[in-house]
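**Student:** Structure file my_file_8.cif (mmCIF, C-alpha atoms) is given on the next line.
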```cif
data_coords
loop_
_atom_site.group_PDB
_atom_site.id
_atom_site.type_symbol
_atom_site.label_atom_id
_atom_site.label_comp_id
_atom_site.auth_asym_id
_atom_site.auth_seq_id
_atom_site.Cartn_x
_atom_site.Cartn_y
_atom_site.Cartn_z
ATOM 1 C CA MET A 179 64.527 -26.059 -92.319
ATOM 2 C CA GLY A 180 68.155 -27.020 -91.865
ATOM 3 C CA ILE A 181 70.529 -27.639 -94.731
ATOM 4 C CA LYS A 182 70.898 -31.300 -93.716
ATOM 5 C CA ARG A 183 67.137 -31.877 -93.967
ATOM 6 C CA LEU A 184 66.962 -30.069 -97.306
ATOM 7 C CA LEU A 185 69.826 -32.161 -98.700
ATOM 8 C CA THR A 186 68.103 -35.341 -97.498
ATOM 9 C CA ILE A 187 64.896 -34.379 -99.305
ATOM 10 C CA LEU A 188 66.865 -33.524 -102.444
ATOM 11 C CA ALA A 189 68.705 -36.864 -102.320
ATOM 12 C CA ILE A 190 65.423 -38.770 -102.036
ATOM 13 C CA PHE A 191 63.978 -37.036 -105.070
ATOM 14 C CA VAL A 192 67.104 -37.518 -107.132
ATOM 15 C CA ALA A 193 66.790 -41.254 -106.390
ATOM 16 C CA VAL A 194 63.108 -41.256 -107.386
ATOM 17 C CA ALA A 195 63.602 -38.958 -110.393
ATOM 18 C CA PRO A 196 64.128 -41.685 -113.040
ATOM 19 C CA ASP A 197 60.644 -43.017 -112.252
ATOM 20 C CA ILE A 198 59.194 -39.535 -112.460
ATOM 21 C CA TYR A 199 60.765 -38.520 -115.722
ATOM 22 C CA ALA A 200 59.922 -41.811 -117.428
ATOM 23 C CA GLU A 201 56.224 -40.988 -117.105
ATOM 24 C CA LYS A 202 53.992 -38.171 -118.338
ATOM 25 C CA LEU A 203 54.200 -36.337 -115.023
ATOM 26 C CA LYS A 204 57.029 -33.871 -114.597
ATOM 27 C CA ILE A 205 58.082 -32.098 -111.430
ATOM 28 C CA GLY A 206 57.489 -28.381 -111.818
ATOM 29 C CA GLN A 207 54.930 -28.884 -114.592
ATOM 30 C CA VAL A 208 51.143 -28.656 -114.425
ATOM 31 C CA LEU A 209 49.392 -32.023 -114.439
ATOM 32 C CA PRO A 210 48.166 -33.083 -117.880
ATOM 33 C CA GLU A 211 44.507 -32.067 -117.997
ATOM 34 C CA VAL A 212 41.874 -34.713 -117.348
ATOM 35 C CA ILE A 213 38.120 -34.066 -117.307
ATOM 36 C CA LEU A 214 35.698 -36.655 -115.927
ATOM 37 C CA HIS A 215 31.917 -36.351 -116.209
ATOM 38 C CA GLY A 216 28.726 -38.368 -116.476
ATOM 39 C CA ARG A 217 28.844 -41.427 -114.195
ATOM 40 C CA ALA A 218 32.426 -40.467 -113.406
ATOM 41 C CA GLY A 219 33.801 -37.361 -111.729
ATOM 42 C CA GLU A 220 33.675 -35.967 -108.219
ATOM 43 C CA LEU A 221 31.329 -37.668 -105.783
ATOM 44 C CA GLU A 222 29.145 -35.250 -103.846
ATOM 45 C CA PHE A 223 27.099 -36.254 -100.823
ATOM 46 C CA ASP A 224 24.240 -34.016 -99.686
ATOM 47 C CA GLY A 225 23.478 -36.027 -96.552
ATOM 48 C CA LYS A 226 21.036 -38.280 -98.395
ATOM 49 C CA GLU A 227 22.325 -39.159 -101.858
ATOM 50 C CA ILE A 228 25.526 -39.382 -103.849
ATOM 51 C CA SER A 229 25.673 -37.450 -107.090
ATOM 52 C CA TYR A 230 28.449 -36.959 -109.626
ATOM 53 C CA ARG A 231 29.862 -33.609 -110.625
ATOM 54 C CA ARG A 232 32.210 -32.816 -113.494
ATOM 55 C CA TRP A 233 35.821 -32.963 -112.290
ATOM 56 C CA SER A 234 38.901 -31.434 -113.863
ATOM 57 C CA SER A 235 42.525 -31.775 -112.817
ATOM 58 C CA ARG A 236 42.820 -28.038 -113.565
ATOM 59 C CA ASN A 237 40.870 -27.421 -110.337
ATOM 60 C CA LEU A 238 43.803 -28.670 -108.247
ATOM 61 C CA VAL A 239 44.933 -25.142 -107.402
ATOM 62 C CA GLY A 240 44.744 -22.824 -104.402
ATOM 63 C CA LYS A 241 45.812 -25.495 -101.901
ATOM 64 C CA VAL A 242 48.491 -28.148 -101.727
ATOM 65 C CA HIS A 243 46.907 -31.434 -102.816
ATOM 66 C CA THR A 244 47.819 -35.061 -102.358
ATOM 67 C CA VAL A 245 46.273 -36.936 -105.263
ATOM 68 C CA TYR A 246 45.945 -40.575 -104.283
ATOM 69 C CA HIS A 247 45.234 -42.644 -107.421
ATOM 70 C CA LEU A 248 44.076 -46.213 -106.822
ATOM 71 C CA ALA A 249 43.101 -49.141 -108.988
ATOM 72 C CA ALA A 250 39.878 -50.791 -107.809
ATOM 73 C CA ARG A 251 41.604 -53.824 -106.348
ATOM 74 C CA ARG A 252 41.143 -55.570 -103.018
ATOM 75 C CA GLY A 253 43.706 -54.309 -100.500
ATOM 76 C CA ILE A 254 45.102 -51.598 -102.791
ATOM 77 C CA ASP A 255 44.258 -48.882 -100.249
ATOM 78 C CA LYS A 256 46.776 -50.439 -97.840
ATOM 79 C CA ILE A 257 49.750 -49.778 -100.143
ATOM 80 C CA ASN A 258 50.153 -46.132 -99.115
ATOM 81 C CA LYS A 259 47.914 -46.169 -96.039
ATOM 82 C CA ARG A 260 50.828 -45.160 -93.774
ATOM 83 C CA TYR A 261 51.304 -41.966 -95.798
ATOM 84 C CA ILE A 262 47.620 -41.034 -95.454
ATOM 85 C CA GLU A 263 47.706 -41.792 -91.703
ATOM 86 C CA MET A 264 50.806 -39.644 -91.223
ATOM 87 C CA ILE A 265 49.227 -36.770 -93.159
ATOM 88 C CA GLU A 266 46.163 -36.975 -90.915
ATOM 89 C CA ALA A 267 48.378 -37.029 -87.802
ATOM 90 C CA GLU A 268 50.096 -33.813 -88.942
ATOM 91 C CA GLN A 269 46.740 -31.992 -88.723
ATOM 92 C CA ILE A 270 47.576 -29.768 -91.668
ATOM 93 C CA PRO A 271 45.039 -26.919 -91.932
ATOM 94 C CA LEU A 272 42.248 -27.901 -94.332
ATOM 95 C CA ASP A 273 42.113 -24.379 -95.756
ATOM 96 C CA LYS A 274 45.645 -24.975 -97.110
ATOM 97 C CA TYR A 275 45.679 -28.706 -97.889
ATOM 98 C CA LYS A 276 43.380 -31.359 -99.361
ATOM 99 C CA THR A 277 43.545 -35.065 -100.190
ATOM 100 C CA VAL A 278 41.943 -36.125 -103.467
ATOM 101 C CA SER A 279 41.325 -39.861 -103.874
ATOM 102 C CA ILE A 280 40.782 -41.081 -107.425
ATOM 103 C CA LEU A 281 39.487 -44.616 -107.862
ATOM 104 C CA ASN A 282 39.943 -46.210 -111.275
ATOM 105 C CA ILE A 283 37.087 -48.712 -111.588
ATOM 106 C CA ASP A 284 38.058 -49.492 -115.174
ATOM 107 C CA ASP A 285 40.909 -51.521 -113.657
ATOM 108 C CA VAL A 286 38.550 -53.914 -111.845
ATOM 109 C CA PHE A 287 37.678 -57.497 -112.758
ATOM 110 C CA THR A 288 34.944 -58.083 -115.346
ATOM 111 C CA GLY A 289 31.530 -57.379 -113.860
ATOM 112 C CA GLY A 290 32.992 -55.673 -110.779
ATOM 113 C CA LYS A 291 32.505 -52.021 -111.719
ATOM 114 C CA GLY A 292 29.109 -51.743 -110.044
ATOM 115 C CA PHE A 293 30.390 -53.316 -106.834
ATOM 116 C CA ALA A 294 33.474 -51.064 -106.762
ATOM 117 C CA ARG A 295 31.334 -47.984 -107.441
ATOM 118 C CA ARG A 296 28.943 -48.797 -104.553
ATOM 119 C CA LYS A 297 31.804 -49.438 -102.094
ATOM 120 C CA TYR A 298 33.472 -46.143 -103.043
ATOM 121 C CA GLU A 299 30.188 -44.250 -102.709
ATOM 122 C CA GLU A 300 29.728 -45.735 -99.227
ATOM 123 C CA ARG A 301 33.241 -44.652 -98.263
ATOM 124 C CA ARG A 302 32.521 -41.126 -99.532
ATOM 125 C CA LYS A 303 29.462 -40.881 -97.270
ATOM 126 C CA LYS A 304 31.678 -41.467 -94.222
ATOM 127 C CA LEU A 305 34.520 -39.036 -95.011
ATOM 128 C CA ASN A 306 33.919 -35.334 -95.547
ATOM 129 C CA ASN A 307 37.430 -33.871 -95.431
ATOM 130 C CA SER A 308 38.615 -35.476 -98.672
ATOM 131 C CA GLU A 309 37.581 -35.176 -102.285
ATOM 132 C CA PHE A 310 36.504 -38.427 -103.936
ATOM 133 C CA VAL A 311 36.730 -38.861 -107.696
ATOM 134 C CA LEU A 312 35.665 -41.877 -109.732
ATOM 135 C CA ASP A 313 37.272 -42.715 -113.076
ATOM 136 C CA ASP A 314 35.347 -45.340 -115.034
ATOM 137 C CA SER A 315 37.494 -45.382 -118.180
ATOM 138 C CA SER A 316 41.164 -45.086 -117.031
ATOM 139 C CA LYS A 317 41.390 -41.484 -118.285
ATOM 140 C CA VAL A 318 43.517 -40.324 -115.349
ATOM 141 C CA ARG A 319 45.836 -43.344 -115.428
ATOM 142 C CA GLU A 320 46.384 -43.052 -119.176
ATOM 143 C CA SER A 321 46.741 -39.248 -119.262
ATOM 144 C CA TRP A 322 49.258 -39.249 -116.429
ATOM 145 C CA GLY A 323 51.109 -42.416 -117.476
ATOM 146 C CA LEU A 324 50.424 -44.324 -114.251
ATOM 147 C CA GLY A 325 50.880 -48.064 -113.895
ATOM 148 C CA LYS A 326 47.978 -50.491 -114.135
ATOM 149 C CA LYS A 327 46.467 -52.132 -111.066
ATOM 150 C CA GLY A 328 48.433 -49.970 -108.659
ATOM 151 C CA SER A 329 48.565 -47.010 -106.352
ATOM 152 C CA ALA A 330 50.223 -43.651 -106.998
ATOM 153 C CA VAL A 331 50.715 -40.561 -104.844
ATOM 154 C CA ILE A 332 51.100 -37.192 -106.563
ATOM 155 C CA LEU A 333 51.830 -34.050 -104.575
ATOM 156 C CA VAL A 334 50.516 -30.916 -106.301
ATOM 157 C CA GLY A 335 51.358 -27.354 -105.257
ATOM 158 C CA LYS A 336 48.957 -24.418 -104.928
ATOM 159 C CA ASP A 337 49.778 -23.437 -108.506
ATOM 160 C CA GLY A 338 48.713 -26.859 -109.868
ATOM 161 C CA LYS A 339 52.287 -27.965 -110.549
ATOM 162 C CA VAL A 340 53.664 -31.367 -109.555
ATOM 163 C CA LEU A 341 55.894 -31.149 -106.477
ATOM 164 C CA ALA A 342 56.581 -34.885 -106.140
ATOM 165 C CA TYR A 343 55.265 -38.180 -107.436
ATOM 166 C CA LYS A 344 55.592 -41.889 -106.760
ATOM 167 C CA ASP A 345 53.864 -44.681 -108.647
ATOM 168 C CA GLY A 346 53.896 -47.517 -106.123
ATOM 169 C CA PRO A 347 54.456 -47.789 -102.388
ATOM 170 C CA LEU A 348 56.168 -44.914 -100.613
ATOM 171 C CA LYS A 349 59.090 -45.842 -98.367
ATOM 172 C CA ASN A 350 59.383 -44.217 -94.920
ATOM 173 C CA ASP A 351 61.991 -41.680 -96.045
ATOM 174 C CA GLU A 352 59.827 -40.759 -99.052
ATOM 175 C CA ILE A 353 56.809 -40.284 -96.771
ATOM 176 C CA GLN A 354 58.844 -37.889 -94.628
ATOM 177 C CA ALA A 355 60.036 -36.013 -97.717
ATOM 178 C CA PHE A 356 56.474 -35.661 -99.044
ATOM 179 C CA ILE A 357 55.290 -34.339 -95.659
ATOM 180 C CA GLU A 358 58.167 -31.838 -95.560
ATOM 181 C CA LEU A 359 57.254 -30.670 -99.068
ATOM 182 C CA ILE A 360 53.644 -30.163 -97.968
ATOM 183 C CA LYS A 361 54.777 -28.082 -94.990
ATOM 184 C CA MET A 362 57.144 -26.039 -97.162
ATOM 185 C CA ASN A 363 54.417 -25.283 -99.706
ATOM 186 C CA ILE A 364 51.314 -24.558 -97.627
#
```
Show me the file's structure as structure tokens.

**Tutor:**
Amino acid sequence: MGIKRLLTILAIFVAVAPDIYAEKLKIGQVLPEVILHGRAGELEFDGKEISYRRWSSRNLVGKVHTVYHLAARRGIDKINKRYIEMIEAEQIPLDKYKTVSILNIDDVFTGGKGFARRKYEERRKKLNNSEFVLDDSSKVRESWGLGKKGSAVILVGKDGKVLAYKDGPLKNDEIQAFIELIKMNI
């Protein structure tokens, strides 16, 4: 990587840094631990049924991970859709990289949890290359200091430490910087 590209990435993260340091997530630090279990946690699909398995943020090691945290709101998945599409287009080896989508159904309208859960389970049945996690009590959002009713992208290195983070929509230059960080760390 050239010095110009490295300086560009550094400049982007210096501009984003106030948002990062105002929250509970810190670049270079391990994510605050969150454990989800019961009717929350990782969704597993055996070809017939969805089941839930205990999930811990401490398991985000061994690969570079994009953690895509979403409130259960109509259209929320479009906020950072371009980032996810660009990651897919890069064809990063799945033995070195993984996307983890966390849906916070506690952030949904009254009476909508069941609907949101079913829609997410249906989505999980269609996609096998990503990890799907359901949070039914805002544990992840609260533990990591994320905004309500939004979308956040957290890039986690193989060692479980935060490489980059944005709570809200990523701009094109930020998307490029995140992708470069993935490539540098796989």

**Student:** Evaluate the PyMOL selection byres ((chain A and resi 270) around 12) against this structure - the residues, as a ChimeraX atom specification, please.

**Tutor:** /A:241-244,262,264-269,271-277,307,357-358,360-364

**Student:** Calculated over only C-alpha atoms, which of the candidates A:Asp284, A:Asp313, A:Glu211, A:Glu220 has the smallest distance to Lys327 in chain A?

**Tutor:**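 Of the candidates, the smallest distance to Lys327 in chain A is held by A:Asp284.
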
**Student:** Counting only C-alpha atoms, which residue out of A:Leu203, A:Leu312, A:Ile353, A:Ala330 sits closest to Ile254 in chain A?

**Tutor:**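 Of the candidates, the smallest distance to Ile254 in chain A is held by A:Ala330.
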
**Student:** Near range 213-218 of chain A, within 9 Å and counting all atoms listed in the file, which residues show up once chain neighbours fewer than 3 positions away are dropped, as a PyMOL selection string?

**Tutor:** chain A and resi 221+229-236+311-315+317-318

**Student:** Using Å and a single decimal, report how far CA of Ala250 in chain A sits from CA of Ala342 in chain A.

**Tutor:**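 Spanning CA of Ala342 in chain A to CA of Ala250 in chain A is a straight-line distance of 23.1 Å.
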
**Student:** Kindly provide, as a compact mmCIF listing (two decimals) with C-alpha atoms, in the coordinates of the input, the polymer residues lying within 10 Å of (50.0, -19.7, -110.2), counting all atoms listed in the file and using the coordinates exactly as they appear in the file.

**Tutor:**
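point-v6.txt, freshly written:
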```
# COMPACT_ATOMS: atom_id res chain seq x y z
CA VAL A 208 51.14 -28.66 -114.42
CA VAL A 239 44.93 -25.14 -107.40
CA GLY A 240 44.74 -22.82 -104.40
CA GLY A 335 51.36 -27.35 -105.26
CA LYS A 336 48.96 -24.42 -104.93
CA ASP A 337 49.78 -23.44 -108.51
CA GLY A 338 48.71 -26.86 -109.87
CA LYS A 339 52.29 -27.96 -110.55
```

**Student:** Can you work out the spacing between CA of Ile228 in chain A and CA of Lys297 in chain A in Å, to one decimal?

**Tutor:**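 Atom-to-atom, CA of Ile228 in chain A to CA of Lys297 in chain A, that is 12.0 Å.
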
**Student:** Closest to Gly219 in chain A among A:Asp285, A:Asp351, A:Asp345, A:Glu299, using only C-alpha atoms?

**Tutor:** A:Glu299

**Student:** To one decimal in Å, tell me the separation between CA of Val331 in chain A and CA of Glu300 in chain A.

**Tutor:**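 Computed distance, CA of Val331 in chain A to CA of Glu300 in chain A, equals 22.3 Å.
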